[in-house]
Amino acid sequence: MSETVTQDKETRGFQSEVKQLLHLMIHSLYSNKEIFLRELISNASDASDKLRFQALSNADLYQGDADLGVKLTFDAEAKTLTVSDNGIGMSRDDVIEHLGTIAKSGTAEFFSNLSDDQSKDSQLIGQFGVGFYSAFIVADSVTVRTRAAGTNPEDAVQWHSSGEGEYTIESIKKESRGTDIVLHMREEGEEFLSEWRLRDVIGKYSDHIGIPVSIWTKEKDEEGNEKEEGKWEQINKAQALWTRNKSDIGEEEYKEFYKHVSHDFADPLVWSHNKVEGKNDYTSLLYIPAKAPWDMMNRDHKSGLKLYVQRVFIMDDAEQFMPTYLRFVRGLIDSNDLPLNVSREILQDNKVTQALRNACTKRVLTMLERIAKNDEEKYLSFWKEFGQVLKEGPAEDFSNKEKIGGLMRFASTEVDSSDQTVSLASYVERMKEEQDKIFYLTADSYAAAKNSPHLEQFKAKGIEVILMFDRMDEWLMNYLTEFDGKSFQSITKAGLDLSKFEDEAEKEKHKETEEEFKSVVERTKTYLGDRVKEVRTTFKLANTPAVVVTDDFEMGTQMAKLLEAAGQDVPEVKYIFEINPEHELVKRMADEADEEAFGRWVEVLLGQAMLSERGAMEDPAQFLGAINTLLTKV
Ligand code: ADP
């Protein structure tokens, strides 16, 4: 290594997010400082993968001239540790882009959401994946010397920074291809300037990496003193984890490998490792994380799958192999059927891709079904993190609708809690004998759902109703129309029919009352004109005088609100006004002979119903005027 500084040194500032990241990282991760090595070795291994991949189309880059690997050396006196690779390397522009900014989308948003609670933030930063910058946990300055594959020794660059807002970059001469990362250790990092400690950490983090990781070891004489001569000693197994037999791989190894592929700091929730031969020949190793990344709900969130073809790394973010609603899955696919020169375009409409995507989707769904069956607590923690994403499933993946429905969890009138713990299967099991539909209610919040007047008869008759209050639920219900052969029925829609649950006497009585109320309904209709779609009597209420409902095929209130909030033009929702003839106030209204006074009653009842349905009314002043006039008459 004979690098000499030559020319054009320049000082540049970090992107502001990098500064924040460095600050936060040094403060929150030093209790776990050894992870810097995992990150640097992981990057070095990625660099070798990329070189091998690029050499597929440009053989000049790498002709197997030297074994690809990672080498570590340290100098206890100078207090430096150097991690070297002979991978793809970086050009000047690459260095500026990769080591001066954070490319991940949503980074600024991530930082703006941080709290003042550093212990909580350290969890977050783990999910964020700190990578290269983790060097600053142990080093007070870092020097990177790198030469991109296919360039000349004079084209190499050196980057240097003490992690405080600025870095320098200059051209240097570097004889060998690849990257050396030199860490100038702070006191907290000195423990890593030891052969024993390095062996320990490399053993822990790098066994599953496909290339050798070696350290320079010195031989010892009889008295145990180090001799001058030394040799490279390979520390890890250097066999890519997924190529090994399942039975030979321990849990800890799977977990470590997960951290390598996902850049997550926490253990995964579950994983599934499969070798498939036959029509399609591939290996998949799919992980479900324990925690959702902060940008999970962003549908542009990068897919977490790496694609390998015949063990050669091809690409990150191979989104073609997983549907969007499973975008939280991490891991890899190694196919023996795809060509090595496969591109994203080729993957797009390719039979192999399609088959692997279907197989991987099934595998993930089955993995989830298995946890749901065997470990409820674990499953509910999954649902809490990723349920919102899975709810996109029925709209995207028609063929697995039933499976996805089976994986959903909701709140319900059966359990007195806003936690989403009720499965549709358990709902169906509890259904009444005469019940053939799954009843549900969508509302703004759990409280609004739980206290909805629409539930009154259901409560009285002991019929369970699924309570939904996530923003997307009403949209979801456009796609989730059936489960276990039973269709869904919103209880705030006009098609609700509870006559099945009434006995003959009740039916008779309702018929009579309806007859008696015909004229009241007519008067109400005349008064309201086209402000409502229809007026009718209802027997589903108990303590509430009136409600509004929408037609089965019309947009519901929550959906309309969702679209409005997204700034879309939404056609006005036309409500059906339902009055409860058994309620005291409605009886008073019916008795009112004076049309003007009658109209005031209608205003009050409709206003209440709208308020309860939409959380707002069109003309509050008119409503209050009507109420006040009525009150003065009491
Ligand atoms: P990540 O690895 O998550 O992308 P890092 O901060 O660790 O984030 O690295 C940023 C980028 O810098 C990498 O994506 C890669 O392009 C480049 N890089 C880092 N280390 C190396 C290396 N040893 N060789 C080549 N490129 C590297």
# chains A, B, ... in the order shown; residues from 1 in each chain; ligands from 1
$ residues_near_ligand --ligand "ligand 1" --cutoff "8 Å" --atoms "only C-alpha atoms and all ligand atoms" --output "JSON, numbers by chain"
{"A": [39, 40, 41, 42, 43, 44, 45, 46, 47, 48, 84, 85, 87, 88, 89, 90, 94, 95, 97, 98, 99, 102, 103, 129, 130, 131, 132, 133, 146, 178, 179, 180, 181, 263]}
$ write_last_selection --atoms "N, CA and C atoms" --output "mmCIF file, in the first residue's frame"
data_model
loop_
_atom_site.group_PDB
_atom_site.id
_atom_site.type_symbol
_atom_site.label_atom_id
_atom_site.label_comp_id
_atom_site.auth_asym_id
_atom_site.auth_seq_id
_atom_site.Cartn_x
_atom_site.Cartn_y
_atom_site.Cartn_z
ATOM 1 N N GLU A 39 -20.925 -3.590 9.958
ATOM 2 C CA GLU A 39 -21.340 -2.697 8.871
ATOM 3 C C GLU A 39 -20.240 -2.553 7.822
ATOM 4 N N LEU A 40 -19.004 -2.382 8.275
ATOM 5 C CA LEU A 40 -17.919 -2.179 7.309
ATOM 6 C C LEU A 40 -17.630 -3.454 6.519
ATOM 7 N N ILE A 41 -17.688 -4.586 7.191
ATOM 8 C CA ILE A 41 -17.449 -5.853 6.487
ATOM 9 C C ILE A 41 -18.597 -6.129 5.517
ATOM 10 N N SER A 42 -19.789 -5.796 5.955
ATOM 11 C CA SER A 42 -20.960 -5.955 5.105
ATOM 12 C C SER A 42 -20.818 -5.113 3.825
ATOM 13 N N ASN A 43 -20.373 -3.873 3.985
ATOM 14 C CA ASN A 43 -20.157 -3.013 2.813
ATOM 15 C C ASN A 43 -19.077 -3.585 1.894
ATOM 16 N N ALA A 44 -18.023 -4.109 2.511
ATOM 17 C CA ALA A 44 -16.924 -4.662 1.716
ATOM 18 C C ALA A 44 -17.416 -5.875 0.929
ATOM 19 N N SER A 45 -18.246 -6.665 1.561
ATOM 20 C CA SER A 45 -18.781 -7.839 0.887
ATOM 21 C C SER A 45 -19.719 -7.424 -0.250
ATOM 22 N N ASP A 46 -20.527 -6.397 -0.003
ATOM 23 C CA ASP A 46 -21.386 -5.868 -1.077
ATOM 24 C C ASP A 46 -20.524 -5.380 -2.248
ATOM 25 N N ALA A 47 -19.400 -4.757 -1.921
ATOM 26 C CA ALA A 47 -18.529 -4.207 -2.969
ATOM 27 C C ALA A 47 -17.977 -5.338 -3.849
ATOM 28 N N SER A 48 -17.695 -6.481 -3.241
ATOM 29 C CA SER A 48 -17.224 -7.624 -4.026
ATOM 30 C C SER A 48 -18.351 -8.180 -4.884
ATOM 31 N N SER A 84 -9.884 -3.493 4.522
ATOM 32 C CA SER A 84 -9.602 -3.351 3.081
ATOM 33 C C SER A 84 -10.384 -4.374 2.282
ATOM 34 N N ASP A 85 -10.826 -3.940 1.113
ATOM 35 C CA ASP A 85 -11.437 -4.905 0.208
ATOM 36 C C ASP A 85 -10.892 -4.683 -1.196
ATOM 37 N N GLY A 87 -12.948 -4.958 -3.891
ATOM 38 C CA GLY A 87 -14.218 -4.959 -4.608
ATOM 39 C C GLY A 87 -14.320 -3.843 -5.631
ATOM 40 N N ILE A 88 -15.494 -3.351 -5.825
ATOM 41 C CA ILE A 88 -15.793 -2.422 -6.910
ATOM 42 C C ILE A 88 -15.129 -1.050 -6.756
ATOM 43 N N GLY A 89 -14.889 -0.627 -5.490
ATOM 44 C CA GLY A 89 -14.284 0.685 -5.264
ATOM 45 C C GLY A 89 -15.231 1.822 -5.597
ATOM 46 N N MET A 90 -14.732 3.056 -5.426
ATOM 47 C CA MET A 90 -15.577 4.221 -5.699
ATOM 48 C C MET A 90 -14.793 5.275 -6.474
ATOM 49 N N ASP A 94 -18.683 9.004 -6.814
ATOM 50 C CA ASP A 94 -19.309 8.018 -5.921
ATOM 51 C C ASP A 94 -19.064 8.393 -4.462
ATOM 52 N N VAL A 95 -17.821 8.765 -4.183
ATOM 53 C CA VAL A 95 -17.469 9.071 -2.793
ATOM 54 C C VAL A 95 -18.303 10.243 -2.295
ATOM 55 N N GLU A 97 -21.113 11.253 -3.403
ATOM 56 C CA GLU A 97 -22.528 10.875 -3.281
ATOM 57 C C GLU A 97 -22.777 9.955 -2.085
ATOM 58 N N HIS A 98 -21.899 8.955 -1.920
ATOM 59 C CA HIS A 98 -22.196 7.934 -0.912
ATOM 60 C C HIS A 98 -21.699 8.266 0.480
ATOM 61 N N LEU A 99 -20.597 9.009 0.561
ATOM 62 C CA LEU A 99 -20.043 9.254 1.886
ATOM 63 C C LEU A 99 -20.245 10.703 2.334
ATOM 64 N N ILE A 102 -26.995 11.065 2.498
ATOM 65 C CA ILE A 102 -27.746 9.833 2.719
ATOM 66 C C ILE A 102 -28.773 9.764 1.615
ATOM 67 N N ALA A 103 -28.708 8.690 0.863
ATOM 68 C CA ALA A 103 -29.539 8.638 -0.333
ATOM 69 C C ALA A 103 -30.978 8.239 -0.024
ATOM 70 N N GLY A 129 -30.614 1.955 9.707
ATOM 71 C CA GLY A 129 -29.436 1.366 9.072
ATOM 72 C C GLY A 129 -28.366 2.406 8.909
ATOM 73 N N VAL A 130 -27.332 2.363 9.708
ATOM 74 C CA VAL A 130 -26.374 3.459 9.704
ATOM 75 C C VAL A 130 -25.189 3.218 8.788
ATOM 76 N N GLY A 131 -24.866 1.959 8.518
ATOM 77 C CA GLY A 131 -23.838 1.640 7.553
ATOM 78 C C GLY A 131 -22.486 2.251 7.856
ATOM 79 N N PHE A 132 -21.897 2.812 6.823
ATOM 80 C CA PHE A 132 -20.531 3.331 6.889
ATOM 81 C C PHE A 132 -20.304 4.275 8.069
ATOM 82 N N TYR A 133 -21.291 5.138 8.306
ATOM 83 C CA TYR A 133 -21.094 6.175 9.324
ATOM 84 C C TYR A 133 -20.905 5.613 10.725
ATOM 85 N N THR A 146 -9.797 4.868 -1.935
ATOM 86 C CA THR A 146 -10.547 3.959 -2.804
ATOM 87 C C THR A 146 -10.230 4.164 -4.276
ATOM 88 N N GLY A 178 -10.134 -1.247 -5.227
ATOM 89 C CA GLY A 178 -10.946 -1.460 -4.022
ATOM 90 C C GLY A 178 -10.772 -0.367 -2.991
ATOM 91 N N THR A 179 -11.186 -0.658 -1.787
ATOM 92 C CA THR A 179 -11.326 0.380 -0.767
ATOM 93 C C THR A 179 -10.626 -0.001 0.536
ATOM 94 N N ASP A 180 -9.865 0.949 1.071
ATOM 95 C CA ASP A 180 -9.330 0.791 2.430
ATOM 96 C C ASP A 180 -10.037 1.792 3.323
ATOM 97 N N ILE A 181 -10.541 1.311 4.428
ATOM 98 C CA ILE A 181 -11.142 2.236 5.385
ATOM 99 C C ILE A 181 -10.273 2.231 6.632
ATOM 100 N N HIS A 263 -29.825 -4.498 7.156
ATOM 101 C CA HIS A 263 -29.288 -3.343 7.878
ATOM 102 C C HIS A 263 -30.139 -3.008 9.087
#
$ select_by_dssp --residues "region 406-596 of chain A" --states "strand (DSSP E or B)" --output "number ranges by chain"
A: 409-412, 422-423, 437-442, 466-468, 482-483, 486-490, 493, 534-537, 546-550, 576-579
$ write_last_selection --atoms "N, CA and C atoms" --output "tab-separated table (two decimals), in the first residue's frame"
chain	number	residue	atom	x	y	z
A	409	ARG	N	-56.86	-8.89	11.46
A	409	ARG	CA	-57.35	-8.82	12.84
A	409	ARG	C	-58.07	-7.49	13.02
A	410	PHE	N	-59.19	-7.55	13.74
A	410	PHE	CA	-59.99	-6.34	13.92
A	410	PHE	C	-60.42	-6.18	15.37
A	411	ALA	N	-60.90	-5.00	15.68
A	411	ALA	CA	-61.59	-4.82	16.95
A	411	ALA	C	-63.03	-5.28	16.71
A	412	SER	N	-63.73	-5.62	17.77
A	412	SER	CA	-65.11	-6.05	17.57
A	412	SER	C	-65.90	-5.78	18.84
A	422	VAL	N	-59.32	-9.63	16.79
A	422	VAL	CA	-60.34	-10.61	16.40
A	422	VAL	C	-60.13	-11.05	14.94
A	423	SER	N	-60.06	-12.34	14.72
A	423	SER	CA	-59.92	-12.84	13.35
A	423	SER	C	-61.30	-13.07	12.77
A	437	LYS	N	-74.33	-13.12	7.27
A	437	LYS	CA	-73.42	-12.06	6.83
A	437	LYS	C	-72.47	-11.67	7.95
A	438	ILE	N	-71.34	-11.13	7.57
A	438	ILE	CA	-70.40	-10.61	8.56
A	438	ILE	C	-70.69	-9.11	8.69
A	439	PHE	N	-71.14	-8.69	9.84
A	439	PHE	CA	-71.50	-7.29	10.03
A	439	PHE	C	-70.28	-6.48	10.46
A	440	TYR	N	-70.16	-5.29	9.87
A	440	TYR	CA	-69.06	-4.42	10.28
A	440	TYR	C	-69.49	-2.97	10.25
A	441	LEU	N	-68.71	-2.17	10.93
A	441	LEU	CA	-69.00	-0.75	11.03
A	441	LEU	C	-67.69	0.00	10.83
A	442	THR	N	-67.69	1.02	9.99
A	442	THR	CA	-66.48	1.84	9.88
A	442	THR	C	-66.75	3.20	10.51
A	466	ILE	N	-67.96	-6.25	13.70
A	466	ILE	CA	-66.54	-5.89	13.57
A	466	ILE	C	-66.45	-4.36	13.55
A	467	LEU	N	-65.56	-3.82	14.34
A	467	LEU	CA	-65.42	-2.36	14.40
A	467	LEU	C	-64.13	-1.94	13.68
A	468	MET	N	-64.30	-1.08	12.69
A	468	MET	CA	-63.12	-0.66	11.90
A	468	MET	C	-62.95	0.84	12.00
A	482	GLU	N	-65.90	-10.93	0.79
A	482	GLU	CA	-66.36	-12.23	1.24
A	482	GLU	C	-65.30	-12.88	2.09
A	483	PHE	N	-65.72	-13.65	3.05
A	483	PHE	CA	-64.78	-14.51	3.77
A	483	PHE	C	-65.49	-15.79	4.15
A	486	LYS	N	-69.05	-16.12	3.30
A	486	LYS	CA	-70.03	-15.17	3.85
A	486	LYS	C	-69.70	-13.77	3.34
A	487	SER	N	-70.73	-13.04	2.93
A	487	SER	CA	-70.44	-11.70	2.46
A	487	SER	C	-70.45	-10.72	3.64
A	488	PHE	N	-69.85	-9.59	3.40
A	488	PHE	CA	-69.78	-8.56	4.44
A	488	PHE	C	-70.94	-7.59	4.28
A	489	GLN	N	-71.44	-7.10	5.38
A	489	GLN	CA	-72.51	-6.11	5.34
A	489	GLN	C	-72.16	-4.96	6.28
A	490	SER	N	-72.03	-3.77	5.70
A	490	SER	CA	-71.82	-2.60	6.56
A	490	SER	C	-73.13	-2.29	7.27
A	493	LYS	N	-75.13	0.90	6.06
A	493	LYS	CA	-75.60	0.96	4.68
A	493	LYS	C	-77.08	0.56	4.63
A	534	GLU	N	-83.65	9.67	0.65
A	534	GLU	CA	-84.87	8.97	1.01
A	534	GLU	C	-85.11	9.15	2.51
A	535	VAL	N	-86.38	8.98	2.91
A	535	VAL	CA	-86.70	8.97	4.34
A	535	VAL	C	-87.43	7.67	4.61
A	536	ARG	N	-87.13	7.03	5.74
A	536	ARG	CA	-87.85	5.80	6.06
A	536	ARG	C	-87.78	5.51	7.55
A	537	THR	N	-88.63	4.61	7.99
A	537	THR	CA	-88.60	4.23	9.41
A	537	THR	C	-87.57	3.12	9.60
A	546	ALA	N	-82.79	9.03	15.41
A	546	ALA	CA	-82.65	8.94	13.95
A	546	ALA	C	-81.18	8.78	13.57
A	547	VAL	N	-80.95	8.16	12.41
A	547	VAL	CA	-79.59	8.06	11.87
A	547	VAL	C	-79.65	8.31	10.37
A	548	VAL	N	-78.46	8.50	9.78
A	548	VAL	CA	-78.40	8.52	8.31
A	548	VAL	C	-77.58	7.32	7.86
A	549	VAL	N	-77.94	6.74	6.73
A	549	VAL	CA	-77.17	5.64	6.14
A	549	VAL	C	-76.97	5.95	4.66
A	550	THR	N	-76.05	5.20	4.03
A	550	THR	CA	-75.87	5.39	2.59
A	550	THR	C	-76.31	4.13	1.86
A	576	ILE	N	-79.60	8.50	3.30
A	576	ILE	CA	-80.97	8.06	3.57
A	576	ILE	C	-81.22	8.34	5.04
A	577	PHE	N	-82.30	9.03	5.32
A	577	PHE	CA	-82.60	9.46	6.69
A	577	PHE	C	-83.54	8.44	7.31
A	578	GLU	N	-83.10	7.81	8.39
A	578	GLU	CA	-83.91	6.78	9.03
A	578	GLU	C	-84.38	7.25	10.40
A	579	ILE	N	-85.70	7.18	10.61
A	579	ILE	CA	-86.21	7.63	11.91
A	579	ILE	C	-86.77	6.45	12.70
$ residues_around --residues "Asp503 (chain A)" --least-positions-apart "5" --cutoff "12 Å" --atoms "only C-alpha atoms" --output "PyMOL selection string"
chain A and resi 434+461+498+508-510
$ atom_distance --atom1 "CA of Leu541 (chain A)" --atom2 "CA of Gln622 (chain A)"
25.3 Å
$ atom_distance --atom1 "CA of Lys246 (chain A)" --atom2 "CA of Pro323 (chain A)"
26.0 Å
$ closest_residue --among "A:Asp93, A:Phe136, A:Glu187, A:His208" --to "Ser28 (chain A)" --atoms "only C-alpha atoms"
A:Phe136
$ select_by_dssp --residues "region 317-369 of chain A" --states "helix (DSSP H, G or I)" --output "PyMOL selection string"
chain A and resi 319-321+324-326+344-348+351-369
